[in-house]
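Structure data (CSV, C-alpha atoms and all ligand atoms) from final.csv:
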chain,number,residue,atom,x,y,z
W,24,MET,CA,55.3,51.9,71.4
W,25,ARG,CA,56.6,53.8,68.4
W,26,THR,CA,54.6,53.8,65.2
W,27,PRO,CA,56.8,52.4,62.3
W,28,VAL,CA,57.4,54.7,59.3
W,29,VAL,CA,58.1,53.6,55.8
W,30,MET,CA,59.2,56.5,53.7
W,31,GLY,CA,60.2,56.6,50.0
W,32,ASN,CA,62.9,58.9,48.8
W,33,TRP,CA,62.6,59.1,45.0
W,34,LYS,CA,65.7,61.3,44.6
W,35,LEU,CA,66.0,62.6,41.0
W,36,ASN,CA,63.6,60.1,39.5
W,37,GLY,CA,60.1,60.0,38.0
W,38,THR,CA,57.9,61.2,35.2
W,39,LYS,CA,54.3,62.4,35.4
W,40,SER,CA,53.2,58.9,34.4
W,41,THR,CA,55.3,57.0,37.0
W,42,VAL,CA,54.4,59.4,39.7
W,43,THR,CA,50.7,58.9,39.0
W,44,GLU,CA,51.2,55.1,39.0
W,45,LEU,CA,53.2,55.0,42.2
W,46,VAL,CA,51.0,57.4,44.2
W,47,LYS,CA,47.8,55.7,43.2
W,48,ALA,CA,49.2,52.3,44.2
W,49,PHE,CA,50.8,53.5,47.5
W,50,SER,CA,47.7,55.4,48.5
W,51,THR,CA,45.8,52.1,48.4
W,52,VAL,CA,48.5,50.3,50.3
W,53,ALA,CA,48.7,53.0,52.9
W,54,ASN,CA,44.9,52.8,53.5
W,55,ASP,CA,45.5,49.2,54.4
W,56,ALA,CA,48.4,50.0,56.7
W,57,LYS,CA,46.7,52.0,59.4
W,58,ASN,CA,49.3,51.2,62.1
W,59,VAL,CA,52.3,52.3,59.9
W,60,ASP,CA,53.1,55.9,58.7
W,61,VAL,CA,53.6,55.6,55.0
W,62,ALA,CA,55.1,58.5,53.0
W,63,VAL,CA,56.9,59.4,49.8
W,64,CYS,CA,59.4,62.2,49.5
W,65,ALA,CA,59.3,63.5,45.9
W,66,PRO,CA,61.3,66.0,43.7
W,67,ALA,CA,59.8,69.4,44.4
W,68,VAL,CA,58.4,69.7,40.8
W,69,PHE,CA,56.1,66.7,41.5
W,70,ILE,CA,54.9,67.6,45.0
W,71,GLY,CA,51.8,69.4,43.7
W,72,MET,CA,50.9,66.3,41.7
W,73,VAL,CA,51.4,64.0,44.7
W,74,GLU,CA,49.2,66.3,46.7
W,75,SER,CA,46.4,66.1,44.2
W,76,LEU,CA,46.6,62.3,43.9
W,77,ALA,CA,47.2,61.4,47.5
W,78,THR,CA,44.8,63.8,49.4
W,79,GLY,CA,42.2,61.9,51.2
W,80,SER,CA,44.3,58.7,51.5
W,81,ASN,CA,46.6,57.6,54.3
W,82,LEU,CA,49.6,58.3,52.2
W,83,LYS,CA,51.6,61.3,53.4
W,84,TRP,CA,54.3,63.1,51.4
W,85,GLY,CA,57.3,65.3,51.8
W,86,SER,CA,60.3,67.0,50.2
W,87,GLU,CA,63.8,65.8,49.7
W,88,ASP,CA,65.3,69.0,51.1
W,89,CYS,CA,64.2,72.3,52.5
W,90,ASP,CA,65.8,75.7,52.3
W,91,VAL,CA,66.8,77.7,55.4
W,92,HIS,CA,64.9,80.7,54.2
W,93,THR,CA,61.2,81.1,53.9
W,94,GLN,CA,61.3,83.5,50.9
W,95,GLY,CA,63.4,85.9,49.0
W,96,ALA,CA,66.2,86.1,46.5
W,97,PHE,CA,67.4,82.5,46.7
W,98,THR,CA,67.2,81.2,43.2
W,99,GLY,CA,66.4,77.5,42.8
W,100,GLU,CA,65.5,76.8,46.5
W,101,ASN,CA,62.3,75.5,48.0
W,102,SER,CA,60.8,77.2,51.1
W,103,PRO,CA,59.3,75.2,54.0
W,104,VAL,CA,56.3,77.5,53.8
W,105,MET,CA,55.7,76.6,50.1
W,106,LEU,CA,56.2,72.9,50.9
W,107,LYS,CA,53.7,73.2,53.7
W,108,GLU,CA,51.2,74.9,51.4
W,109,PHE,CA,51.4,71.9,49.1
W,110,GLY,CA,50.5,69.6,52.0
W,111,CYS,CA,54.0,68.2,52.8
W,112,THR,CA,54.2,66.5,56.2
W,113,TYR,CA,57.9,65.7,56.0
W,114,ALA,CA,61.2,67.3,54.8
W,115,ILE,CA,64.3,65.2,54.5
W,116,VAL,CA,67.4,67.2,55.6
W,117,GLY,CA,71.0,66.2,55.5
W,118,HIS,CA,70.8,63.4,53.0
W,119,SER,CA,74.4,62.2,52.4
W,120,GLU,CA,73.9,63.1,48.7
W,121,ARG,CA,73.2,66.7,49.7
W,122,ARG,CA,76.0,66.7,52.2
W,123,GLY,CA,78.4,65.3,49.6
W,124,TYR,CA,77.4,66.9,46.3
W,125,HIS,CA,76.3,70.2,47.8
W,126,ASN,CA,78.8,70.6,50.6
W,127,GLU,CA,76.2,70.8,53.3
W,128,THR,CA,77.9,70.9,56.7
W,129,ASN,CA,76.4,69.8,60.0
W,130,GLU,CA,75.6,73.5,60.7
W,131,VAL,CA,73.8,74.0,57.4
W,132,VAL,CA,71.8,70.8,57.9
W,133,ALA,CA,70.9,71.9,61.4
W,134,ALA,CA,69.6,75.2,60.0
W,135,LYS,CA,67.5,73.4,57.5
W,136,PHE,CA,66.1,71.1,60.2
W,137,LYS,CA,65.2,74.3,62.2
W,138,SER,CA,63.6,75.9,59.2
W,139,ALA,CA,61.5,72.8,58.5
W,140,LEU,CA,60.4,72.4,62.1
W,141,ASP,CA,59.7,76.1,62.7
W,142,ASN,CA,57.3,76.0,59.7
W,143,GLY,CA,55.3,73.0,60.7
W,144,LEU,CA,57.1,70.2,58.8
W,145,VAL,CA,58.6,67.1,60.4
W,146,PRO,CA,62.3,67.1,59.6
W,147,VAL,CA,63.8,63.7,58.7
W,148,LEU,CA,67.4,64.1,59.7
W,149,CYS,CA,69.7,61.8,57.7
W,150,ILE,CA,73.0,60.7,59.4
W,151,GLY,CA,75.5,58.1,58.7
W,152,GLU,CA,79.2,57.3,58.1
W,153,SER,CA,81.3,56.7,55.0
W,154,GLU,CA,82.9,53.4,54.3
W,155,ALA,CA,86.3,54.7,55.5
W,156,GLU,CA,84.7,56.0,58.7
W,157,TYR,CA,83.0,52.6,59.2
W,158,ASP,CA,86.3,50.8,58.7
W,159,ALA,CA,88.0,53.2,61.2
W,160,GLY,CA,85.3,52.4,63.8
W,161,LYS,CA,84.0,56.0,63.7
W,162,THR,CA,80.4,55.3,63.0
W,163,LEU,CA,78.9,56.5,66.2
W,164,ASP,CA,81.2,59.5,66.5
W,165,VAL,CA,80.0,60.7,63.1
W,166,CYS,CA,76.3,60.1,63.9
W,167,LYS,CA,76.6,61.8,67.3
W,168,ALA,CA,78.3,64.9,65.7
W,169,GLU,CA,75.5,65.1,63.1
W,170,ILE,CA,72.9,64.9,65.8
W,171,LYS,CA,74.7,67.2,68.2
W,172,ALA,CA,74.7,70.1,65.7
W,173,VAL,CA,70.9,69.9,65.7
W,174,ILE,CA,70.6,69.7,69.5
W,175,ASP,CA,73.0,72.7,69.8
W,176,LEU,CA,70.7,74.8,67.5
W,177,CYS,CA,67.2,73.5,68.3
W,178,GLY,CA,67.4,71.7,71.7
W,179,ILE,CA,66.7,68.1,72.4
W,180,GLU,CA,63.0,68.6,72.5
W,181,ALA,CA,63.1,69.3,68.8
W,182,PHE,CA,63.3,65.5,68.3
W,183,ASN,CA,59.8,65.1,69.7
W,184,ASN,CA,58.6,66.3,66.3
W,185,ALA,CA,61.3,64.8,64.1
W,186,ILE,CA,62.6,61.6,62.7
W,187,ILE,CA,66.1,60.3,62.4
W,188,ALA,CA,67.3,58.2,59.4
W,189,TYR,CA,70.5,56.2,59.9
W,190,GLU,CA,71.9,55.7,56.4
W,191,PRO,CA,75.4,54.3,56.2
W,192,ILE,CA,76.8,55.9,53.0
W,193,TRP,CA,78.4,52.6,52.0
W,194,ALA,CA,75.0,51.0,51.9
W,195,ILE,CA,73.1,53.6,49.9
W,196,GLY,CA,72.3,52.4,46.4
W,197,THR,CA,75.1,49.8,46.5
W,198,GLY,CA,73.1,46.7,47.3
W,199,LYS,CA,75.2,46.3,50.5
W,200,THR,CA,72.5,46.5,53.2
W,201,ALA,CA,73.9,46.8,56.7
W,202,THR,CA,73.2,43.5,58.6
W,203,PRO,CA,70.4,43.7,61.1
W,204,GLU,CA,73.1,43.4,63.9
W,205,ILE,CA,75.2,46.3,62.6
W,206,ALA,CA,72.1,48.5,62.1
W,207,GLN,CA,70.6,47.6,65.5
W,208,ASN,CA,73.9,48.4,67.3
W,209,VAL,CA,74.1,51.8,65.7
W,210,HIS,CA,70.4,52.6,66.3
W,211,LYS,CA,70.9,51.5,69.9
W,212,GLY,CA,74.0,53.7,70.2
W,213,ILE,CA,72.1,56.7,68.8
W,214,ARG,CA,69.2,56.2,71.2
W,215,GLU,CA,71.7,55.9,74.1
W,216,PHE,CA,73.3,59.2,73.0
W,217,LEU,CA,69.9,60.9,72.9
W,218,LYS,CA,69.2,59.5,76.4
W,219,THR,CA,72.1,61.5,77.8
W,220,PHE,CA,70.0,64.6,77.0
W,221,SER,CA,66.5,63.2,77.6
W,222,ALA,CA,65.3,59.7,78.3
W,223,GLU,CA,61.8,60.6,77.2
W,224,VAL,CA,62.8,62.1,73.9
W,225,ALA,CA,65.1,59.1,73.2
W,226,ASP,CA,62.3,56.6,73.9
W,227,GLY,CA,59.9,58.4,71.6
W,228,VAL,CA,61.9,59.3,68.5
W,229,ARG,CA,61.6,57.1,65.5
W,230,ILE,CA,64.9,56.0,64.0
W,231,LEU,CA,64.7,54.6,60.5
W,232,TYR,CA,67.3,52.5,58.7
W,233,GLY,CA,68.2,53.4,55.1
W,234,GLY,CA,70.6,52.0,52.6
W,235,SER,CA,69.7,49.2,50.1
W,236,CYS,CA,66.7,48.3,52.3
W,237,ASN,CA,64.5,46.1,50.2
W,238,ALA,CA,61.7,43.5,50.3
W,239,LYS,CA,64.2,40.8,51.3
W,240,THR,CA,66.1,42.6,54.0
W,241,ALA,CA,63.3,44.7,55.5
W,242,PRO,CA,61.6,42.0,57.7
W,243,GLU,CA,64.7,41.2,59.8
W,244,LEU,CA,65.8,44.9,60.0
W,245,PHE,CA,62.4,46.0,61.1
W,246,SER,CA,62.2,43.3,63.8
W,247,GLN,CA,65.1,44.9,65.6
W,248,PRO,CA,64.1,46.7,68.8
W,249,ASP,CA,65.6,50.1,67.9
W,250,ILE,CA,64.7,50.1,64.2
W,251,ASP,CA,61.4,51.9,63.6
W,252,GLY,CA,61.1,51.5,59.8
W,253,GLY,CA,63.0,52.6,56.8
W,254,LEU,CA,63.9,55.4,54.4
W,255,ILE,CA,63.8,53.7,51.0
W,256,GLY,CA,65.4,54.8,47.8
W,257,GLY,CA,65.5,52.5,44.8
W,258,ALA,CA,62.8,50.1,46.1
W,259,SER,CA,60.4,53.0,46.6
W,260,LEU,CA,60.2,53.3,42.8
W,261,LYS,CA,58.8,49.8,42.4
W,262,VAL,CA,55.2,49.1,43.5
W,263,ALA,CA,55.8,45.5,44.5
W,264,ASP,CA,59.0,46.2,46.4
W,265,PHE,CA,57.7,49.2,48.4
W,266,THR,CA,54.5,47.3,49.1
W,267,ALA,CA,56.4,44.4,50.5
W,268,ILE,CA,58.5,46.7,52.7
W,269,ILE,CA,55.3,48.2,54.1
W,270,GLU,CA,54.0,44.7,54.8
W,271,ALA,CA,57.2,44.0,56.8
W,272,ALA,CA,56.6,47.2,58.8
W,273,LYS,CA,53.0,46.1,59.5
W,274,ALA,CA,54.2,42.9,60.9
W,275,ASN,CA,56.3,44.8,63.4
W,276,ALA,CA,53.8,47.5,64.3
F,1,LIG,P1,68.7,53.2,48.6
F,1,LIG,O1,68.6,54.7,49.1
F,1,LIG,O2,67.5,52.5,49.3
F,1,LIG,O3,68.5,53.3,47.1
F,1,LIG,O4,69.9,52.6,49.0
F,1,LIG,C1,68.3,55.1,50.4
F,1,LIG,C2,68.4,56.6,50.5
F,1,LIG,O5,69.4,57.1,50.0
F,1,LIG,O6,67.6,57.2,51.2

As structure tokens, how would this structure be written, given the file I've shared?
Ligand code: PGA
Amino acid sequence: MRTPVVMGNWKLNGTKSTVTELVKAFSTVANDAKNVDVAVCAPAVFIGMVESLATGSNLKWGSEDCDVHTQGAFTGENSPVMLKEFGCTYAIVGHSERRGYHNETNEVVAAKFKSALDNGLVPVLCIGESEAEYDAGKTLDVCKAEIKAVIDLCGIEAFNNAIIAYEPIWAIGTGKTATPEIAQNVHKGIREFLKTFSAEVADGVRILYGGSCNAKTAPELFSQPDIDGGLIGGASLKVADFTAIIEAAKANA
């Protein structure tokens, strides 16, 4: 049985005041959700604050990206060693906004995944197709290539300590949530692909859905057999919405 995960991705949002409000509220909710892994991934500048506010609660936290280097002359980057020092459990890698706006290739994302993993963080590998790729029926080809780059660099066993987030780009921030049927089919396809390398790893890895997942759509999505929770953008900035999504995960734990 895989423990569900509900993870917020705040992206480039937040102030000291909203971060305080959200972390306090989510810490309480996480304490009441023992059978769900609840986490928030915050802009790096807020991670120290999140650590101070959430330590001692069931709420875990992570970063939205992670550099391939651990230190050195790499202006503007955040090292996995630093993230670990501030108590991060998770590091998102390969979010479509980073792939798109920062030209991160599958190979760069795989290197970031390895850097996070080698330094004790749990990488959250984001994968997913564009609308044009969806229309062309290429969804699984895209997802498989994004995963294969990681397997080539790190080996299949790396997914024993990692999470996959399937996030169709056409669903992110658009209000167009994938239907439970569409999402379940892709999640199943991803798991079958992993099975060709290791049945054990495929059975154990958590695959989250992301893309306009909200309080309304979460219950049916999370009840699908291959959907193990969600990576939540917009709705993770609202206490009531994120709380309702955690409730939906609890119901399927
Ligand atoms: P969204 O974002 O929930 O706002 O669509 C999800 C994500 O990009 O991780």

With all atoms listed in the file as the counted atoms, please give the residues lying no more than 9 Å from Asn184 in chain W, apart from itself and same-chain residues fewer than 5 positions off, as an mmCIF file with C-alpha atoms, in the frame of the given file.
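Final output, saved to result24.cif:
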data_model
loop_
_atom_site.group_PDB
_atom_site.id
_atom_site.type_symbol
_atom_site.label_atom_id
_atom_site.label_comp_id
_atom_site.auth_asym_id
_atom_site.auth_seq_id
_atom_site.Cartn_x
_atom_site.Cartn_y
_atom_site.Cartn_z
ATOM 1 C CA LEU W 140 60.400 72.400 62.100
ATOM 2 C CA LEU W 144 57.100 70.200 58.800
ATOM 3 C CA VAL W 145 58.600 67.100 60.400
ATOM 4 C CA PRO W 146 62.300 67.100 59.600
ATOM 5 C CA VAL W 228 61.900 59.300 68.500
#

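You will find CA of Ala276 in chain W at 18.5 Å from CA of Ala206 in chain W.
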
request  = May I ask you to write as a count of residues only all residues lying at most 8 Å from ligand LIG 1 (chain F), with only C-alpha atoms and all ligand atoms counted?
outcome  = 24

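Among the candidates W:His125, W:Lys57, W:Lys137, W:Lys47, the residue lying nearest to Ala185 in chain W is W:Lys137 (atoms considered: only C-alpha atoms).
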
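In terms of minimum interatomic distance to Lys135 in chain W, W:Val173 ranks closest within W:Thr112, W:Val68, W:Asp158, W:Val173, counting only C-alpha atoms.
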
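Among W:Ala67, W:Ala62, W:Ala271, W:Ala263, the residue with the shortest atom-to-atom distance to Gly99 in chain W, counting only C-alpha atoms, is W:Ala67.
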
task = Counting only C-alpha atoms, figure out which residue out of W:Lys218, W:Lys107, W:Arg25, W:His92 gets nearest to Ile70 in chain W.
result = W:Lys107

ask   = Skipping near chain neighbours, those fewer than 3 positions away, what residues fall within 8 Å of Val61 in chain W using all atoms listed in the file, listed as a VMD selection string?
value = chain W and resid 28 to 30 53 56 81 to 83 269

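Among the candidate residues W:Ile170, W:Ala77, W:Ala201, W:Ala159, the one lying nearest to Gly117 in chain W is W:Ile170, with distances computed using only C-alpha atoms.
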
query = Pick the closest to Gly178 in chain W from W:Asn126, W:Ser86, W:Gln207, W:Ser221: which is it, counting only C-alpha atoms?
reply = W:Ser221

Using all atoms listed in the file, what table do you get, as JSON lines, when you list each residue of range 125-188 of chain W with an atom no more than 10 Å from range 208-214 of chain W, its nearest pair of atoms, and their distance in Å rounded to one decimal, rows by chain then rising number?
{"residue": "W:Gly151", "atom": "CA", "partner": "W:Val209", "partner_atom": "CA", "distance": 9.5}
{"residue": "W:Thr162", "atom": "CA", "partner": "W:Val209", "partner_atom": "CA", "distance": 7.7}
{"residue": "W:Leu163", "atom": "CA", "partner": "W:Val209", "partner_atom": "CA", "distance": 6.7}
{"residue": "W:Asp164", "atom": "CA", "partner": "W:Ile213", "partner_atom": "CA", "distance": 9.8}
{"residue": "W:Cys166", "atom": "CA", "partner": "W:Ile213", "partner_atom": "CA", "distance": 7.3}
{"residue": "W:Lys167", "atom": "CA", "partner": "W:Ile213", "partner_atom": "CA", "distance": 7.0}
{"residue": "W:Ile170", "atom": "CA", "partner": "W:Ile213", "partner_atom": "CA", "distance": 8.8}
{"residue": "W:Ile187", "atom": "CA", "partner": "W:Ile213", "partner_atom": "CA", "distance": 9.5}
{"residue": "W:Ala188", "atom": "CA", "partner": "W:His210", "partner_atom": "CA", "distance": 9.4}

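Picture a line from CA of Val42 in chain W to CA of Asn54 in chain W; it runs 18.0 Å.
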
request  = Find the residues with any atom within 10 Å of (53.9, 46.4, 50.0); use only C-alpha atoms and the coordinates as given in the file, and write the answer as a list in words.
outcome  = Ala48, Phe49, Val52, Ala53, Asp55, Ala56, Ala238, Ser259, Lys261, Val262, Ala263, Asp264, Phe265, Thr266, Ala267, Ile268, Ile269, Glu270, Ala271, Ala272 and Lys273 of chain W

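Here CA of Tyr124 in chain W stands at a distance of 18.4 Å from CA of Ala65 in chain W.
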